[in-house]
Structure formats: C-alpha cells, structure tokens
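Chemist: Quick one, work14.cif (mmCIF, C-alpha atoms (C1' of nucleotides)):
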data_work
loop_
_atom_site.label_atom_id
_atom_site.label_comp_id
_atom_site.auth_asym_id
_atom_site.auth_seq_id
_atom_site.Cartn_x
_atom_site.Cartn_y
_atom_site.Cartn_z
CA MET C 828 -34.31 -18.51 4.85
CA ARG C 829 -31.39 -17.78 7.15
CA THR C 830 -30.19 -14.29 7.87
CA LYS C 831 -26.69 -13.29 6.77
CA LYS C 832 -25.40 -13.55 10.31
CA GLU C 833 -26.81 -17.04 10.67
CA LYS C 834 -25.19 -18.00 7.40
CA ILE C 835 -21.83 -16.76 8.64
CA LYS C 836 -22.12 -18.94 11.74
CA GLN C 837 -23.10 -21.89 9.59
CA LEU C 838 -20.18 -21.19 7.29
CA TYR C 839 -17.77 -21.52 10.19
CA LYS C 840 -19.27 -24.84 11.25
CA ILE C 841 -19.06 -26.24 7.74
CA LEU C 842 -15.47 -25.16 7.18
CA PHE C 843 -14.30 -26.40 10.57
CA LYS C 844 -15.92 -29.76 9.99
CA GLU C 845 -14.38 -29.99 6.54
CA TYR C 846 -10.83 -28.83 7.26
CA GLY C 847 -10.38 -29.07 11.04
CA PRO C 848 -8.27 -26.78 13.23
CA GLN C 849 -5.63 -25.00 11.18
CA GLY C 850 -3.02 -24.02 13.75
CA TRP C 851 -2.35 -20.49 12.61
CA TRP C 852 -0.22 -18.33 12.75
CA PRO C 853 2.66 -20.55 11.54
CA ILE C 854 5.75 -20.30 13.77
CA MET C 855 9.21 -21.72 13.12
CA LYS C 856 9.75 -24.22 15.90
CA SER C 857 13.48 -24.83 15.58
CA LEU C 858 16.43 -24.22 13.33
CA GLU C 859 16.22 -27.76 12.02
CA LYS C 860 13.87 -27.32 9.05
CA PRO C 861 10.65 -25.37 8.56
CA ALA C 862 8.35 -28.33 8.08
CA GLN C 863 6.21 -28.20 11.23
CA ASN C 864 5.24 -24.60 11.49
CA TYR C 865 1.55 -25.11 12.28
CA HIS C 866 0.19 -25.93 15.72
CA PRO C 867 -3.47 -27.02 15.48
CA GLN C 868 -5.54 -26.63 18.66
CA ASP C 869 -2.68 -24.84 20.41
CA TYR C 870 -3.68 -21.21 20.88
CA SER C 871 -0.86 -20.35 23.25
CA PHE C 872 1.34 -18.64 20.66
CA PRO C 873 3.21 -16.32 20.72
CA HIS C 874 5.09 -17.44 23.82
CA ASN C 875 7.56 -14.58 23.95
CA GLN C 876 8.70 -11.40 22.24
CA LYS C 877 10.72 -13.22 19.59
CA GLU C 878 7.70 -15.19 18.43
CA LEU C 879 5.58 -12.06 18.49
CA ILE C 880 8.10 -10.35 16.23
CA GLU C 881 8.24 -13.39 13.95
CA MET C 882 4.47 -13.23 13.50
CA ALA C 883 4.43 -9.51 12.80
CA LEU C 884 7.25 -9.72 10.26
CA GLY C 885 5.49 -12.65 8.60
CA ALA C 886 2.34 -10.54 8.34
CA ILE C 887 4.29 -7.82 6.54
CA LEU C 888 6.28 -10.20 4.34
CA THR C 889 3.20 -12.07 3.15
CA GLN C 890 1.63 -8.98 1.59
CA ASN C 891 0.62 -10.13 -1.89
CA THR C 892 3.10 -13.02 -1.57
CA SER C 893 2.71 -16.76 -1.08
CA TRP C 894 3.56 -18.12 2.35
CA HIS C 895 6.04 -20.52 0.80
CA GLN C 896 8.20 -17.56 -0.18
CA VAL C 897 7.71 -15.90 3.19
CA GLU C 898 9.02 -19.01 4.96
CA LYS C 899 12.32 -18.69 3.11
CA ALA C 900 12.65 -15.06 4.13
CA LEU C 901 11.75 -15.78 7.76
CA TRP C 902 14.18 -18.65 7.79
CA ASN C 903 17.01 -16.40 6.64
CA LEU C 904 16.12 -13.79 9.26
CA LYS C 905 15.90 -16.38 11.99
CA LYS C 906 19.36 -17.71 11.19
CA LEU C 907 20.77 -14.17 11.28
CA THR C 908 18.97 -12.75 14.33
CA HIS C 909 16.76 -15.35 16.04
CA PHE C 910 14.22 -12.50 15.87
CA SER C 911 16.04 -10.54 18.54
CA LEU C 912 14.79 -6.96 18.36
CA ASN C 913 18.25 -5.46 18.75
CA LYS C 914 19.88 -7.79 16.25
CA LEU C 915 17.17 -7.06 13.69
CA LEU C 916 17.57 -3.31 14.12
CA GLN C 917 21.35 -3.55 13.92
CA LEU C 918 21.46 -5.84 10.91
CA GLU C 919 23.15 -4.32 7.88
CA GLU C 920 20.64 -3.03 5.35
CA GLU C 921 22.06 -5.09 2.47
CA SER C 922 22.10 -8.29 4.55
CA PHE C 923 18.53 -7.62 5.64
CA LYS C 924 17.33 -7.10 2.10
CA ASN C 925 19.13 -10.20 0.89
CA ALA C 926 17.48 -12.23 3.65
CA ILE C 927 13.98 -11.15 2.72
CA ARG C 928 14.57 -11.09 -1.03
CA PRO C 929 12.66 -14.37 -1.65
CA ALA C 930 9.46 -12.71 -0.41
CA GLY C 931 9.61 -10.02 -3.08
CA TYR C 932 9.20 -6.22 -2.84
CA PHE C 933 12.29 -6.33 -0.67
CA ASN C 934 13.00 -2.59 -0.79
CA GLN C 935 9.51 -1.68 0.39
CA LYS C 936 9.26 -4.52 2.86
CA PHE C 937 12.62 -3.67 4.40
CA LYS C 938 11.33 -0.16 5.04
CA LYS C 939 8.03 -1.41 6.41
CA ILE C 940 9.73 -3.81 8.82
CA ILE C 941 12.14 -1.17 10.12
CA PHE C 942 9.29 1.28 10.69
CA PHE C 943 7.30 -1.38 12.51
CA LEU C 944 10.22 -2.50 14.69
CA THR C 945 11.08 1.08 15.58
CA ALA C 946 7.52 1.74 16.72
CA PHE C 947 7.45 -1.62 18.51
CA GLN C 948 10.59 -0.67 20.43
CA LYS C 949 9.03 2.63 21.41
CA TRP C 950 5.86 0.94 22.69
CA LYS C 951 7.88 -1.35 24.96
CA LYS C 952 5.43 -3.94 26.33
CA LYS C 953 2.31 -1.93 25.59
CA ILE C 954 -0.27 -3.37 23.21
CA PRO C 955 -0.68 -0.99 20.26
CA SER C 956 -4.12 0.17 19.18
CA ARG C 957 -5.36 -0.51 15.66
CA GLN C 958 -4.98 3.19 14.93
CA GLU C 959 -1.36 3.20 16.07
CA LEU C 960 -0.60 0.27 13.77
CA LEU C 961 -2.34 1.90 10.81
CA GLU C 962 -0.29 5.06 11.29
CA ILE C 963 2.86 3.08 10.50
CA TRP C 964 3.84 3.40 6.86
CA GLY C 965 3.33 0.04 5.16
CA LEU C 966 0.70 -1.37 7.48
CA GLY C 967 -2.74 -1.41 5.89
CA PRO C 968 -5.92 -2.83 7.43
CA GLU C 969 -5.20 -6.49 6.75
CA THR C 970 -1.65 -6.43 8.04
CA ALA C 971 -2.61 -4.39 11.10
CA ASP C 972 -5.48 -6.72 11.92
CA SER C 973 -3.33 -9.83 11.38
CA ILE C 974 -0.81 -8.48 13.86
CA LEU C 975 -3.54 -7.67 16.36
CA LEU C 976 -5.33 -11.01 16.00
CA TYR C 977 -2.36 -13.37 15.92
CA ALA C 978 0.57 -11.56 17.53
CA TYR C 979 -1.42 -9.65 20.18
CA LYS C 980 -4.41 -12.02 20.42
CA ARG C 981 -6.96 -9.23 20.10
CA PRO C 982 -10.43 -10.36 18.88
CA ILE C 983 -10.45 -8.54 15.54
CA PHE C 984 -11.41 -10.23 12.28
CA VAL C 985 -8.90 -10.27 9.43
CA ILE C 986 -10.30 -9.71 5.94
CA ASP C 987 -8.16 -10.77 3.00
CA ALA C 988 -8.75 -11.12 -0.73
CA TYR C 989 -9.80 -14.75 -0.31
CA THR C 990 -12.40 -13.88 2.31
CA GLN C 991 -13.83 -11.18 0.06
CA ARG C 992 -14.13 -13.63 -2.82
CA ILE C 993 -16.03 -16.14 -0.72
CA LEU C 994 -18.35 -13.59 0.90
CA ARG C 995 -19.11 -12.05 -2.49
CA GLU C 996 -19.71 -15.41 -4.10
CA LEU C 997 -22.19 -16.24 -1.35
CA LYS C 998 -23.74 -12.79 -1.74
CA LEU C 999 -23.25 -12.02 1.93
CA VAL C 1000 -21.60 -8.70 1.06
CA SER C 1001 -21.99 -6.33 -1.89
CA PRO C 1002 -20.10 -7.15 -5.14
CA ASN C 1003 -17.51 -4.45 -4.49
CA SER C 1004 -17.50 -4.72 -0.71
CA SER C 1005 -15.04 -2.63 1.24
CA TYR C 1006 -12.74 -3.99 3.91
CA ASP C 1007 -14.88 -2.40 6.59
CA GLU C 1008 -18.12 -3.82 5.22
CA ALA C 1009 -16.80 -7.37 5.28
CA GLN C 1010 -15.19 -6.97 8.69
CA GLU C 1011 -18.36 -5.50 10.17
CA LEU C 1012 -20.39 -8.46 8.92
CA MET C 1013 -18.00 -11.01 10.40
CA MET C 1014 -17.68 -9.28 13.75
CA THR C 1015 -21.40 -8.73 14.22
CA SER C 1016 -22.13 -12.34 13.24
CA ILE C 1017 -19.58 -14.03 15.50
CA ALA C 1018 -19.18 -12.73 19.05
CA PRO C 1019 -15.62 -11.48 19.61
CA ASN C 1020 -13.42 -14.47 20.38
CA THR C 1021 -9.75 -14.55 19.50
CA ASN C 1022 -9.42 -18.30 19.02
CA ILE C 1023 -12.49 -18.50 16.80
CA TYR C 1024 -11.47 -15.48 14.75
CA GLN C 1025 -8.05 -17.02 14.22
CA GLU C 1026 -9.52 -20.35 13.10
CA PHE C 1027 -12.20 -18.80 10.91
CA HIS C 1028 -9.76 -16.65 8.99
CA ALA C 1029 -7.37 -19.58 8.52
CA LEU C 1030 -10.24 -21.83 7.40
CA LEU C 1031 -11.39 -19.29 4.82
CA VAL C 1032 -7.87 -19.23 3.39
CA ALA C 1033 -7.67 -23.02 3.35
CA HIS C 1034 -10.96 -23.28 1.50
CA ALA C 1035 -10.18 -20.44 -0.90
CA LYS C 1036 -6.83 -21.97 -1.85
CA ARG C 1037 -8.80 -24.95 -3.13
CA HIS C 1038 -11.73 -23.27 -4.81
CA TYR C 1039 -11.04 -19.55 -5.17
CA SER C 1040 -7.55 -19.16 -6.56
CA LYS C 1041 -8.07 -19.56 -10.28
CA LYS C 1042 -10.87 -18.07 -12.31
CA PRO C 1043 -13.63 -18.74 -12.70
CA TYR C 1044 -13.89 -18.93 -8.92
CA ALA C 1045 -16.03 -21.37 -6.93
CA GLN C 1046 -16.12 -24.09 -9.60
CA ASN C 1047 -16.44 -27.05 -7.23
CA CYS C 1048 -17.36 -25.04 -4.17
CA GLU C 1049 -20.29 -26.65 -2.36
CA LEU C 1050 -20.86 -23.87 0.12
CA LYS C 1051 -23.86 -22.33 -1.60
CA ASN C 1052 -25.76 -25.60 -1.32
CA HIS C 1053 -25.28 -25.85 2.43
CA LEU C 1054 -26.17 -22.35 3.55
"C1'" DA U 423 4.70 -18.50 -20.70
"C1'" DA U 424 1.25 -15.89 -18.60
"C1'" DC U 425 -0.67 -15.64 -14.22
"C1'" DC U 426 -0.81 -15.10 -9.40
"C1'" DA U 427 0.49 -15.05 -4.32
"C1'" DG U 428 -2.69 -14.73 3.06
"C1'" DG U 429 -1.46 -5.87 0.09
"C1'" DA U 430 -0.26 -1.10 0.45
"C1'" DC U 431 1.08 3.28 -1.35
"C1'" DG U 432 1.15 7.25 -4.66
"C1'" DT U 433 -1.11 9.51 -8.15
"C1'" DG U 434 -4.67 11.68 -10.91
"C1'" DA U 435 -9.47 12.12 -11.97
"C1'" DT D 953 -13.70 8.08 -2.77
"C1'" DC D 954 -11.89 5.30 -6.60
"C1'" DA D 955 -9.36 3.22 -10.35
"C1'" DC D 956 -4.94 2.26 -11.84
"C1'" DG D 957 0.20 1.71 -11.95
"C1'" DT D 958 4.02 0.24 -9.08
"C1'" DC D 959 6.60 -2.65 -6.16
"C1'" DA D 960 9.86 -8.08 -7.05
"C1'" DT D 961 10.37 -12.94 -6.49
"C1'" DG D 962 9.33 -17.64 -7.59
"C1'" DG D 963 5.04 -21.51 -8.03
"C1'" DT D 964 2.19 -23.76 -11.03
#
Write the structure described by the file as structure tokens, please.

Modeler:
Amino acid sequence: MRTKKEKIKQLYKILFKEYGPQGWWPIMKSLEKPAQNYHPQDYSFPHNQKELIEMALGAILTQNTSWHQVEKALWNLKKLTHFSLNKLLQLEEESFKNAIRPAGYFNQKFKKIIFFLTAFQKWKKKIPSRQELLEIWGLGPETADSILLYAYKRPIFVIDAYTQRILRELKLVSPNSSYDEAQELMMTSIAPNTNIYQEFHALLVAHAKRHYSKKPYAQNCELKNHL
DNA sequence: AACCAGGACGTGA
DNA sequence: TCACGTCATGGT
C-alpha cells in the first residue's frame, strides 16, 4: 500500500508516459495564425515582458472559460497592442472590451486586467509575491498561482477544478477538499521544481479533458488501477 | 437545447 | 467559513 505522496509521484509518471510533455503555457508565436501555441520540452518561456504579459492576461481570461475562446481574445489583443504594456493601458475601453468579448465576462475581465497591469507597472521588474497578486481584485488562488508558475517561473503548484476532480476520485484528498489542502498535498509530494510543476498541472488538465469533463466522471479512467 | 469551459466576487446565513 | 447567485460567450 503506497502512501498518498508516493501515489502522487506515481501519478505524474503515469500521466507523463501517457501524454508526453505538454508545452504549457501556450504562447502565440507569430501573427500568422494561432495554430502552434504549445512548445513541448521548451521551458524557456516567457522570453520577454510581452510574453510575460500575454501569459498573465491568458490566465485571467481563461477563468471559467475554454482556452479556445481565450485564444480569440488574445489574438485580438495581440493585433491591437502586441502586448505592449503602454499600448494595453492606453487602449480605449470599448476597443479593449470588444477584443476580449469572445472570452466572456468581458466587463469583469476588463477590470481585472487593468488592475493587474497597473500593479505590474508599479512593480517594474520586481517579482510579485503570492500575497501581492492575491490583493489584486480579480485574482484568486488559481489565477495568482498560474501567473507565478508560468509567467514568473516560481515553483508553486496550480490547483484547478480538474485537478480537484482527479484527486477526489482517487481519494487522495477529502471529498470537499479546499484549494489549500490540494496544493499542500501536491507540494509536499513533489519537491519544488518549476518545470515539473508546469508539466504536472498541464498533464492533469489533458487527462481530465478526456475523462473528467462530463458526468459521471472517471468512466474510462484507468488511474485507480495503476496506483 | 441544456450543459459546461484551465474562477472569482458579493451576499446572506 | 460556506453555499449560492452572478458574471457572458460560444463548443459540443
């Protein structure tokens, strides 16, 4: 009988073997067409401030929204501003909202993005703490941790709804586990490592999209048999 | 045609 | 703390 921490390590091995490196966080590589946004086995992103901003805005835009819709919004913003901080902050409110409209909740998300960019500008090159991110209106734990893990490459584990479903199904957390409970389990099971945390989170999403999106969950999920 | 998508906030118990 | 309504668009 493995311990929970051992099962988490095993889970990573199984998922990586099954799905391979995922190449998160997706980044628009050109203005040609957003087909090749992933970059498996390349952990060098973001390369500059514009890519960092693109990742952070993607993290906000994807709140309760499919990535497919977020791509459209990011595409519109890229055409308008190339993710230049000044151009984003100077963009007309109506144009901004129209650009991000495909991602839904555009009134709230506009506000969230402006608040984030204003704080970002104030920080200059400094890396924000988790607490500083959480103090920004519109950034909850998942969005803050996504920005830290992918945009700032800090070794913090991102917990999303998919991850909770899988961990609960495997009974590795309590049935109504909190964000902190799940995060604590992951981070005490896997030694802090940015690249691994990025892959693991992306792998959990990849697996959950297949087996944990429609109820009843985990219909053809083999994980239980291999842990 | 209902259901959901890589959540977070505001409110009232 | 916690459950519930709200925010909005577009896939399947």

Chemist: Enumerate as an NGL selection string the residues belonging to chain C that approach chain U to within 10 Å, with only C-alpha atoms (C1' of nucleotides) taken into account.

Modeler: :C and (886-896 or 935 or 964-970 or 973 or 985-990 or 1028-1029 or 1031-1033 or 1036 or 1040-1041)

Chemist: Using CA of Ser871 (chain C) and CA of Ala930 (chain C) as the two end points, give the distance in Å to one decimal.

Modeler: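 One can read the CA of Ser871 (chain C) to CA of Ala930 (chain C) distance as 26.9 Å.
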
Chemist: So which residues are close to (16.9, -16.7, 12.7), meaning at most 12 Å away in the file's coordinates with only C-alpha atoms (C1' of nucleotides) counted, and can you show them as a PyMOL selection string?

Modeler: chain C and resi 854-861+877-878+880-881+898-912+914-915+918+923+926-927

Chemist: Could you spell out the hits of the PyMOL selection byres ((chain D) within 6 of (chain C)) on the shown file, as a list in words?

Modeler: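 Selected by the PyMOL selection byres ((chain D) within 6 of (chain C)) in this file: DC959, DA960 and DT961 of chain D.
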
Chemist: Identify which of the residues C:Leu838, C:Ile954, C:Ala883, C:Leu994 lies closest to Arg981 (chain C), counting all atoms listed in the file when measuring atom-to-atom distances.

Modeler: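 The shortest atom-to-atom distance to Arg981 (chain C) comes from C:Ile954.
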
Chemist: Around all of region 427-431 of chain U's listed atoms, make the axis-aligned box with 4 Å on each side and tell me centre and edge lengths in Å to one decimal, as lines of an AutoDock Vina configuration file.

Modeler:
center_x = -0.8
center_y = -5.9
center_z = -0.6
size_x = 11.8
size_y = 26.3
size_z = 15.4

Chemist: Report, in Å to a single decimal, how far apart CA of Pro982 (chain C) and CA of Asn1020 (chain C) are.

Modeler: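 Straight-line distance from CA of Asn1020 (chain C) to CA of Pro982 (chain C) works out to 5.3 Å.
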
Chemist: Could you please determine the separation between CA of Glu996 (chain C) and CA of Pro848 (chain C) in Å, to one decimal place?

Modeler: 23.7 Å
